[in-house]
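A short write-up of the structure that comes next.
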Amino acid sequence: MYYSSLSSQNNISSDTYYGIYTHSDHIKSRLEFLEFIFYKLKFRKHLRTEEVKKLWDRFVNNPLCDSDSMAFFKSINNGIQFGPLVNNHARVFECLFLDSNFFKIDDLNVLAFKAFKLFLFKANSEIALEIHNDKFRYVKNSNITGIEILFDIYFKSEKKTADRAMKLIKLILTSYSPELTNSASDLFSGIVNVFLCESQLFIYYHRRSLDLLIYLLDIEENEEETSSYHVFYNNKWFEIQSPSKLKVRYLRKLIAKKFSIPLGEVCLKIDENIFFHHNDSKIIKLFKDKPIKLVETFYKLYEYEDTINAIANCSSFLTQVYHKYIQDENLLDGAWYFLSKIPLSDTINRYLSELNPELKNIFYENPQVFLHSLITIEKKLDDPIWNKEFKEYFLENILLPMFVHMIVKNKCRILIKQNEIFIRVLSGFDISENFAKDVLIGILNIITYITPYVQKLNNATLFINRIKTIIENLLQNHKEICVDIFKTHGEQLLNYLIHNIITDNTHDNYFRRLVVILLIVIKNGNIYDTIIPFMSNCQELALTSSKSNHFWVLYSKICETFDQNLEFLTDNIFPGNHALILSLKEESYREKNYCLWGLLKINTIIAERGKIKAENIKDVAFNLLFSNNYNPSKFSCKNIETRKAAYEYFMILCKNSSEFIPSVGEFLDKNFYQTLIWRNNNFNNWNISISEFLKEKPSHGFVGLQNLGCTCYINSLFQQLFMIPSFSASLLKADLKEPSSPIYHLKRIFSLLKKSKAPYISPKRFCYSYKDFDGQFLNPNEQMDVFEFYSRLIEKLDYELKSTSEHKLIQEHFAGTLVVEMISKQCNHRKERNEYMLSIQLDVKNKSGLIESLKSFTSGEVMQGENAYFCEECKKKVNTIMRSSIKYLPNYLVFALGRFEFNYDTMTRKKIDDRFEFPFDIDMKEFTTEYLNRSSLSNFNYYNYQLKGVIIHHGLAEQGHYYSFIRHEEHWYEFNDTNITLSTEEEVRTAGFGKFKSSHSVPTAYILIYERPIKYKPNNCFEVIDLPVLKNMDQVDMNYIQKKKIRYWAKKIALAEDFINFNKSLLYRNLFGIIHTIKFFLTILLRIEGMNEVKALFFNHILEHIDEESIFLILSIITSENGLKEFFFFNPNNHSRKIINILVKKCIDLIDKDTAVIYFIQYLRFTKYVDRKNSVFYVNYLDVLLHFADKLPEFCKEKGIGNSVINLILNNPNETFPFSDSEIQNNLWYYQSDYKIKYQRCSDNHSTSIYPAFKYITIHAKDISENYIECIKSFNCIDWLYNFNDSRHTLRAFASMYCKLFEDEIEISVNFCLYILKKYSECQREYKNQYLNTFSLFIKHHKHKSEIVKLILAYYLTLMPENNINEIESYLNHLFIILKGIDYNYIKDSFPDHAINNISNIIEANTNYESNGNLCENPRFVNFMIKLLCIKEHTNYDDFYYETDLYDHNVDRGKIINVWDHGRQKWVKVKVKDCYDYELLLVEESFGDGKNITFKDITYDEVYPIQED
């Protein structure tokens, strides 16, 4: 009745309603009713077969919709609710599933297949298959009823069903009972042959046949890298190497192989999941923290694994593959993949092993058998005996003839990957003259055929390398043949390939080597006359392609090697290319314009070879390389490789047009050396990182903000405000002109965020103008709560914009009205108070999310009892509800989440990281006053908001990091200081919601900003308004933006590696002279971090080529105030200061004394900066000053400069200099007006600064007044000066100075030694070495060493330390230093035998020590014993001590030394590459394939001990 009622309806679906129920419900209810009758009423046990047939005909063969058959299959299988409708599954399976009239296989769906599988299992469960709980275990007998239907299903049904059938076929064919172990191979082969290879299905269903056999090969293609995972087996832990993601079967096979156990016994447990053979097709992911356990199987079975060999010997299938599949366009790749994975048949394999001549006939009859054999041939060639026989009997008889037959004569189609294997085999042999021509033609044919399909090669790079090797070998052995072939085939080859070379750069290595091959062909074939015009004609196509890099490489290399008709290049190619070069442009550093780069390369070659001159080189410079103040980003070449090519082009044109060099030099001087536009106004432009300027504004166009220390809270809020278009537009329109105002600088920040080309900008000026509540300027190194900052900033904005046209900015965006209501429960009175609202603060603790917190916010609280509200109307206290609600909603709704609370027990703030969810769309209606009061509501749009931004806090309450998520045009972005990246809603949720009961700090949302799509007038819920948008930049400070742009692009150009390399090339070619080199070196190169090898190159060049003009330049700079400040006083880089120091001293050495006096007087005027108040670093200034003094001793003595210098250096001035200040000349590009004397203080090593004083006094003691010398000799002064000796270099100078001052005063010298030794005995352990070093240095170099030692030795011997082996070792080192070279008889009284014996006993006691149970010798104490014997025997010994002594020999280039690496805190071995002024070394450390080159200043760096090479 139900069916008849629907028979007239069309398009019945499972969701079609009949009455109040759907069609699907009707069918299910009727089948459930049948189940109910059988199982609950026990009317009958099950349906009869004939009844099942009727239902089958209705629901399966003639269903009204697909859900009918699905419901029926479910009911007869397991039942929908009460149980299956049939009990004799074998009978049903035979009558229905095996009857083609009932069971329609074509396009069988998945559910029908599930029914078939269940009935197949149950029908075979007694005899053929082991089934448990409706699941297959293994095959018990080969007589499987219905297996032919299973194969039919695989071939004829829809793909999803076929995939399931294929997995079941493999499971059945590889799973056998243990009793069938020996016959499993025959069973597998028998089933495959009968139901696949010998059936008609095999002929008509090629693709499915091939797919099934490939699947049965059981090969795991897994290219993922492997990792170590733990396996528990036999109560022990083991490790296996496995991909992290793989099929269960592959993992089981790995483990079976690892432990040499049958695959059928490998059952795995990971977590609580069990994996056995029926899960083999499942893909799982492994984790290091989840071990793999081998557990006992529930049942025993044998799994057949040798499927490859079984399939390889299915001759009928292989014949089909060889003859048909490999020729089918749709199957050829799969067919070759199949052949490449299986071995040859046993017969062919035996013939190959024997090198049977019969193979020739077989191969010619079936070339695919030959190609298949190549895989085996390649493997067999590793056998030297077989290889030799192959070369003798097979190479020229079969292999090469087959190559010619198939490739040259095209007698057989060869696949791309077959060509690859052919080339692999061929590359291992030398080709004889008989086959050279044909093989070369064949190779060129292969290149032509393969290149358009290069992506299909397994290894394109290796393939083309092998071809290149074959061609090179042929050219070497048979040159004449090759030249002829290249001449006749070369142009045609290039013609075939040129389109791919121009349009395809997906396989860079392939095409790079292809270009090399083509150059070999062109050069050896000498076909330039036809190729050059051909390439010129192809240039038009290349100019339209963005992937033409290999074309331009080829073209440029052809021009480079072309030497026959240069006039054609110079007259026809160069002019047109030059015009194109000036017209093309790159938009980004990231994207290389291959056409521009290629034209530059070609024209550079032509210009250099043809000596071409350009008309106006400055135009070339401006167009290609350098910016100008009007349009700083106008230059064409932005990519680093293109700029390198442009610099080369520019330089060649300069070389050819020498008359333009002066004007170009002036241009560079003006734009980079004289101007400060690319530098800051401070004197701190040092240690500049080039990598900072490699960054570019990201493609999304947003500009980041630099974190100045702890300013992430500023950055995150500024980005949120800026990304509100109307807010930023209003602020940019505001007329703000007070530079001291932080809002003025906020406007400037917004201007740069809008228009800057830089990847990020700095908010520094805002920070230095913003004051907190206490009137203190904002400290960038102290973090502030971002919500507090938001509140204060909005207040400042509102105040400062009042007098401008944008005075409504805050009201129109963030202002709303909050109502606090007092609603009496005992009378009808109520009272309300309106409050101005810029944000809403919500509780997080114990709240699930924003909605719950808002409900709590508006639910209110009851005031009763003592807290009852006094009603002024009733004149009494009444129970009252006090609640808050929103009267007027703002256009942008800001929620501050209560993530922080104060703990009164610990008196500290604590962060709440609890999970707190928030919606991305919210309806605020139920939290408004009109809703709560049941008043009439406003328009629906008034209440709807979308999440616009989230400020995240990650960290603890007192410290952490802020960053933002912002929605822009349906996409989310993460704004994290300078890094801005595309994000997702999911990432916002993950970072914003927090975690349940988190044990550690997690990122959480702190501020939420919601935007109302439709904007309303403030305090008005009916009137819609349009907020302002920025249509033009008229109100923006474009001059400021332009200035920033100019500085940015100037930095990008000047501080780029290509500009440095350009100057290196200028240096090598000596185009611009020494003055240009010095200016570039001082202004740019010396300031860059690293690049020490390049610095050394320029430094050496300057030292070697310094002339009168350059001396004047250098000395004028260093005797000017700004030059001194920048290079010495405020320069934090000690190596660059030292380089300048050496350079200046070199200049001083080269000038005459009269000129030196002039510069010396000028130099002395700036001694006012030599103190801690006015300068930071001044050691190098003093060193140069003393070098002047060394050159002018008479002048210094006459003017009494020596005393003044010492006063100056000792920082204790008692006298003034004999010169008064006068107008200071500012030479060259250092203009005082361009500087502002601001700098950040840096730490200074004052002891290093005092080193020049010690050195000067040592050399010029006679030029210093006696009262000064006497003062310095006093022990008070010694004690004071000694405090500055915290470097070994200064300590040596200190000891040398007193050694010189006391050289003729033995008594004072002895007292000096006793004083130092007394300090040694009294000081703390960490200072003892320093005193001993001073003591031994003083004695070692003293004029009267023997006399002093005799007088102080006895006291020294009383100071022998006890117990501490390090102190003993140091003490003995110094003892043998002072004893060296002294006659033992002379000091016998001071060093009696018992003292010697005592020393000997101490040495002996410390010579041997125990390590890991072994007795070892301390080599240092062994050395002490040898020295003691030398003293007794009156022989000499070495007293070198690395803590005090310099190496006796010069530190020459190539010497190996040890230097102390402060970063890694260890000694490292380096090679000296150069040495300057003895104190500055250029050293190279090698590590692996790399090297690190750096300067080491002995004054600052530990560079000892020095070891012999």
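We label chains A, B, ... in the order they appear in the structure tokens, count residues from 1 in each chain, and number ligands from 1 in the order shown.
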
Review point. Can you tell me, as a PyMOL selection string, what residues are no more than 10 Å from region 1396-1399 of chain A when counting only C-alpha atoms, ignoring any on the same chain fewer than 4 positions away?
Key: chain A and resi 1357+1360+1372+1388+1391-1392+1403-1405+1424-1425+1428+1431-1432

Got time to write the residues from that selection, N, CA and C atoms, as a JSON list (two decimals), in the first residue's frame?
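Output saved as result_37.json:
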```
[["chain", "number", "residue", "atom", "x", "y", "z"],
["A", 1357, "LEU", "N", 110.25, 31.72, 49.35],
["A", 1357, "LEU", "CA", 110.13, 30.31, 49.71],
["A", 1357, "LEU", "C", 109.21, 30.10, 50.91],
["A", 1360, "MET", "N", 105.15, 29.33, 50.13],
["A", 1360, "MET", "CA", 104.68, 28.13, 49.45],
["A", 1360, "MET", "C", 103.25, 27.79, 49.92],
["A", 1372, "LEU", "N", 104.99, 27.42, 41.63],
["A", 1372, "LEU", "CA", 106.20, 26.79, 41.09],
["A", 1372, "LEU", "C", 106.55, 27.34, 39.71],
["A", 1388, "LYS", "N", 122.99, 30.08, 46.71],
["A", 1388, "LYS", "CA", 122.90, 28.87, 47.55],
["A", 1388, "LYS", "C", 122.44, 29.19, 48.96],
["A", 1391, "PHE", "N", 118.82, 29.64, 48.77],
["A", 1391, "PHE", "CA", 118.13, 28.44, 48.29],
["A", 1391, "PHE", "C", 118.90, 27.20, 48.73],
["A", 1392, "PRO", "N", 118.96, 26.95, 50.06],
["A", 1392, "PRO", "CA", 119.77, 25.85, 50.60],
["A", 1392, "PRO", "C", 119.22, 24.49, 50.19],
["A", 1403, "ILE", "N", 106.88, 18.59, 44.68],
["A", 1403, "ILE", "CA", 106.68, 18.23, 43.27],
["A", 1403, "ILE", "C", 106.36, 16.75, 43.15],
["A", 1404, "GLU", "N", 107.15, 15.94, 43.86],
["A", 1404, "GLU", "CA", 106.96, 14.48, 43.78],
["A", 1404, "GLU", "C", 105.58, 14.08, 44.31],
["A", 1405, "ALA", "N", 105.13, 14.75, 45.34],
["A", 1405, "ALA", "CA", 103.84, 14.42, 45.95],
["A", 1405, "ALA", "C", 102.67, 14.71, 45.00],
["A", 1424, "PHE", "N", 108.30, 20.33, 36.16],
["A", 1424, "PHE", "CA", 108.93, 21.04, 37.29],
["A", 1424, "PHE", "C", 110.14, 20.25, 37.81],
["A", 1425, "MET", "N", 109.99, 18.92, 37.89],
["A", 1425, "MET", "CA", 111.09, 18.09, 38.39],
["A", 1425, "MET", "C", 112.29, 18.18, 37.45],
["A", 1428, "LEU", "N", 114.01, 21.43, 38.10],
["A", 1428, "LEU", "CA", 114.76, 21.38, 39.36],
["A", 1428, "LEU", "C", 116.09, 20.67, 39.16],
["A", 1431, "ILE", "N", 118.52, 23.00, 37.51],
["A", 1431, "ILE", "CA", 119.13, 23.96, 38.45],
["A", 1431, "ILE", "C", 120.30, 23.31, 39.17],
["A", 1432, "LYS", "N", 120.09, 22.06, 39.63],
["A", 1432, "LYS", "CA", 121.16, 21.35, 40.34],
["A", 1432, "LYS", "C", 122.36, 21.09, 39.44]]
```

DSSP on the backbone: what in region 235-338 of chain A comes out strand (DSSP E or B), as an MDAnalysis selection string? chainID A and resid 236:243 245:247 267:270 273:275 283:285 292:295 302:303

ask   = Running DSSP on the backbone, which parts of region 110-276 of chain A land in helix (DSSP H, G or I), as a ChimeraX atom specification?
value = /A:110-123,147-156,159-174,178-180,184-197,200-204,206-216,248-259,263-265

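As for CA of Ile952 (chain A) and CA of Glu926 (chain A), they are spaced 27.1 Å apart.
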
Selection near Ile1264 (chain A), 7 Å with only C-alpha atoms, sequence-local residues under 4 positions removed, as a PDB file with N, CA, C and O atoms, in the first residue's frame:
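As written to disk, selection13.pdb reads:
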```pdb
ATOM      1  N   GLY A1202     104.547  66.001  28.194  1.00  0.00           N
ATOM      2  CA  GLY A1202     104.629  64.688  28.832  1.00  0.00           C
ATOM      3  C   GLY A1202     103.898  64.650  30.157  1.00  0.00           C
ATOM      4  O   GLY A1202     103.133  63.717  30.431  1.00  0.00           O
ATOM      5  N   ASN A1203     104.128  65.665  31.001  1.00  0.00           N
ATOM      6  CA  ASN A1203     103.449  65.696  32.303  1.00  0.00           C
ATOM      7  C   ASN A1203     101.931  65.776  32.130  1.00  0.00           C
ATOM      8  O   ASN A1203     101.168  65.108  32.841  1.00  0.00           O
ATOM      9  N   HIS A1260     109.541  57.177  27.645  1.00  0.00           N
ATOM     10  CA  HIS A1260     109.864  58.604  27.731  1.00  0.00           C
ATOM     11  C   HIS A1260     109.997  59.085  29.172  1.00  0.00           C
ATOM     12  O   HIS A1260     109.647  60.233  29.486  1.00  0.00           O
ATOM     13  N   TYR A1268     106.965  64.051  38.967  1.00  0.00           N
ATOM     14  CA  TYR A1268     106.011  63.067  38.458  1.00  0.00           C
ATOM     15  C   TYR A1268     106.544  61.668  38.647  1.00  0.00           C
ATOM     16  O   TYR A1268     105.828  60.762  39.081  1.00  0.00           O
ATOM     17  N   ILE A1269     107.826  61.503  38.289  1.00  0.00           N
ATOM     18  CA  ILE A1269     108.431  60.170  38.391  1.00  0.00           C
ATOM     19  C   ILE A1269     108.464  59.719  39.844  1.00  0.00           C
ATOM     20  O   ILE A1269     108.151  58.558  40.160  1.00  0.00           O
TER      21      ILE A1269
END
```

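By chain and then residue number, the residues within 12 Å of Ala1056 (chain A) are Tyr589, Leu625, Lys638, Asn639, Ile640, Glu641, Arg643, Lys644, Ile688, Ser689, Ile690, Ser691, Glu692, Phe693, Leu694, Lys695, Trp1049, Ala1050, Phe1062, Asn1063, Ile1084, Leu1085, Ile1088, Glu1089 and Met1091 of chain A, counting only C-alpha atoms and disregarding those fewer than 6 positions away in sequence.
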